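What follows is a short report on a single structure.
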Amino acid sequence: MMGNTENDTVMTVAQLNAYIKGLIDSDRLLTNVTIKGEISNFTNHRTGHFYFTIKDPESLIRAVMFKGAASKLRFLPENGMKVIARGRVSAFVRDGQYQIYVEELQPDGIGSLYIAFEQLKRKLEAEGLFSPARKRPLPKIPTRIGIITSPTGAAVRDMINITKRRFPYATLTLYPSLVQGPDAPAQLIGGINYFGAARNVDVIIIGRGGGSIEDLWAFNDEMLARAVAACPIPVISAVGHETDFTICDFAADVRAPTPSAAAELAVPDTLELMRKVNNIVGHMELALTKRISTGRNSLATLAKSRALTSPKNFIDDKRMAVLSLSNSLEREMKLSLTAKRGRFASLTASLEALNPMSVISRGYSAVFDNSGKLIKSVRQIEKGQRFTFRTTDGSVVGEAVDIVPETET
């Protein structure tokens with residue numbers, strides 16, 4: 001049995017866990033500790049809190065990151081991701097478990113912005129937002145260009161200079177916007193929506209000059225990518241240098257490596273355009289000249305025809321042709337009439353052979369009942385019934401006094 005002394009203290013489980021929590025919370029090292037490991041059992045709770053485990057090959061610790069700290073992350077934690085976490089270690093009295101309450105979290109080895117970029121890229125690509133099938137072609141000869149960028153940067157000056165040099169007939173409309181910082185995405189989206197609603201330009205260029213990934217981050221905004229993809233006007237994205245890629249580049253209809261290159265893509269070169277026009281005009285002149293020459297040759301040939309040089313001979317030839325056709329038609333008609341007459345005579349003879357009056361004309365008589373039906377048997381007439389004799393020169397009406405059937409012998 002357990003022995004009790006005056007110094008023995010009986011504690012509840014809650015009291016013990018609270019005591020342990022007090023010891024942990026009073027340790028200065030544990031109030032601000034940084035650890036590294038791999039995330040597992042990650043849960044993105046509907047409240048906005050993150051619950052997960054941080055582990056290494058030898059051990060693990062439970063972790064929680066409340067909504068306030070989680071909302072500041074530029075990336076979404078994933079299972080298997082190696083991270084460095086900073087926070088405080090404390091115990092949860094109810095469960096009797098200690099855990100780390102994470103205040104800051106960053107990838108171990110790869111920057112958080114790069115991970116956020118890759119995560120958003122995978123998400124939008126899976127939705128088909130980057131599909132080549134939905135991208136629109138740029139207009140061949142746009143006369144109205146919309147530019148969304150900073151009005152004070154070098155990029156806008158480059159785009160204006162190149163556009164005016166290549167195609168001075170184009171009208172440029174600048175929508176001034178921030179191109180970095182937390183307020184930049186909303187202004188960039190405002191520019192896209194403005195041009196999309198006004199329909200006052202043929203193509204839109206959105207972009208800025210080079211910078212770090214942090215400087216270009218406004219162009220990795222999800223809502224901006226969706227606005228660019230949904231814009232009814234073709235969009236050229238020109239962000240940073242040739243090696244810089246942003247989500248906006250993938251969502252746009254065309255990606256230009258630099259703002260200067262975007263201006264070159266947007267408008268044709270006037271000199272090249274004039275050369276093409278001159279080539280077309282040359283081909284048209286050649287085709288027209290050839291057509292006129294062919295027409296003249298045809299006219300010369302017709303002018304030499306007999307119908308124009310000797311119209312009487314031409315008419316005589318046509319008259320002879322008509323006479324020949326008339327004679328052929330007459331012959332055909334005679335042959336046809338002869339054949340039809342023979343056919344008619346044959347049918348007439350057949351009908352005459354079937355005509356009962358023909359038989360009567362040879363000395364025979366025919367007897368008909370009151371309805372005019374021919375009587376062929378004594379069974380068709382009764383005693384006292386009236387009947388009619390038909391002869392060659394008239395009819396005799398009589399009455400059956402007696403009926404004598406022919407007896408068989």
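Just remember, in the structure tokens the first chain shown is A, the second B, etc., residues are 1-based per chain, and ligands are 1-based in the order shown.
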Can you check which residues of segment 25-235 of chain A DSSP gives as strand (DSSP E) on the backbone and send them as a VMD selection string? chain A and resid 33 to 44 50 to 55 60 to 65 82 to 92 97 to 107 144 to 149 171 to 176 203 to 208 235
List as a list in words the protein and nucleic acid residues near segment 87-95 of chain A, meaning an atom at most 9 Å away when only C-alpha atoms are counted, but skip any in the same chain fewer than 4 places from it. Val13, Ala14, Gln15, Leu16, Asn17, Ala18, Ile20, Lys21, Gly22, Ile24, Asp25, Leu29, Leu30, Thr31, Asn32, Val33, Thr34, Ile35, Gln99, Ile100, Tyr101, Val102, Glu103, Glu104 and Leu105 of chain A
Export, as a tab-separated table (two decimals), in the first residue's frame, the selected residues with C-alpha atoms.
chain	number	residue	atom	x	y	z
A	13	VAL	CA	-4.62	15.30	-13.11
A	14	ALA	CA	-5.56	18.84	-14.10
A	15	GLN	CA	-3.45	20.27	-11.27
A	16	LEU	CA	-0.47	18.19	-12.34
A	17	ASN	CA	-0.82	19.25	-15.99
A	18	ALA	CA	-1.20	22.87	-14.93
A	20	ILE	CA	3.89	21.16	-15.68
A	21	LYS	CA	2.55	23.93	-17.96
A	22	GLY	CA	3.79	26.48	-15.43
A	24	ILE	CA	7.41	25.00	-19.24
A	25	ASP	CA	6.09	28.53	-19.51
A	29	LEU	CA	14.48	29.12	-23.61
A	30	LEU	CA	11.07	27.66	-24.42
A	31	THR	CA	9.37	31.06	-24.76
A	32	ASN	CA	11.20	31.75	-28.00
A	33	VAL	CA	12.54	28.62	-29.64
A	34	THR	CA	13.38	27.87	-33.29
A	35	ILE	CA	13.27	24.32	-34.65
A	99	GLN	CA	3.29	21.51	-28.28
A	100	ILE	CA	4.88	24.41	-30.07
A	101	TYR	CA	2.76	27.46	-30.82
A	102	VAL	CA	4.26	28.65	-34.12
A	103	GLU	CA	4.49	32.39	-34.74
A	104	GLU	CA	6.71	32.32	-37.84
A	105	LEU	CA	7.21	29.61	-40.45
Residues within 9 Å of segment 138-145 of chain A, please, as a compact mmCIF listing (two decimals) with C-alpha atoms, in the first residue's frame. Count only C-alpha atoms; anything in the same chain fewer than 3 positions from it doesn't count.
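Resulting contents of selection_15.txt:
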# COMPACT_ATOMS: atom_id res chain seq x y z
CA PHE A 167 4.13 52.70 -85.57
CA TYR A 169 -0.14 56.04 -86.08
CA ALA A 170 -1.05 54.26 -82.84
CA THR A 171 -2.72 56.12 -79.97
CA LEU A 172 -1.40 55.26 -76.49
CA THR A 173 -3.55 55.37 -73.35
CA LEU A 174 -1.73 55.08 -70.02
CA ASN A 200 -11.30 51.78 -76.05
CA VAL A 201 -8.09 49.94 -76.97
CA ASP A 202 -7.17 47.06 -79.28
CA VAL A 203 -4.47 45.52 -77.08
CA ILE A 204 -3.25 45.97 -73.49
CA ILE A 205 0.33 45.93 -72.20
CA PRO A 234 -5.80 40.65 -75.73
CA VAL A 235 -3.22 41.24 -72.99
CA ILE A 236 0.58 41.28 -73.29
CA ASP A 253 -2.41 35.99 -74.04
CA VAL A 254 1.23 36.75 -74.88
CA LEU A 265 5.07 42.74 -80.25
CA ALA A 266 2.08 45.06 -79.90
CA VAL A 267 2.55 47.16 -83.05
CA PRO A 268 3.97 46.43 -86.50
With only C-alpha atoms as the basis for distance, which of A:Gly181, A:Pro176, A:Pro168, A:Gly37 is at the shortest distance from Ile61 of chain A?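 Residue with the minimum atom-to-atom distance to Ile61 of chain A: A:Gly37.
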Please list as a list in words every residue within 7 Å of segment 387-402 of chain A, counting only C-alpha atoms and excluding residues in the same chain fewer than 2 positions away.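 Contacts, with the query itself left out: Ile360, Ser361, Ser365, Ala366, Val367, Phe368, Asp369, Asn370, Lys383, Gly384, Gln385 and Val404 of chain A.
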Hey, what's within 9 Å of Ala263 of chain A if we count only C-alpha atoms and toss same-chain stuff fewer than 2 positions away? As an NGL selection string, please? :A and (158-163 or 166 or 205 or 256 or 258-261 or 265-267)
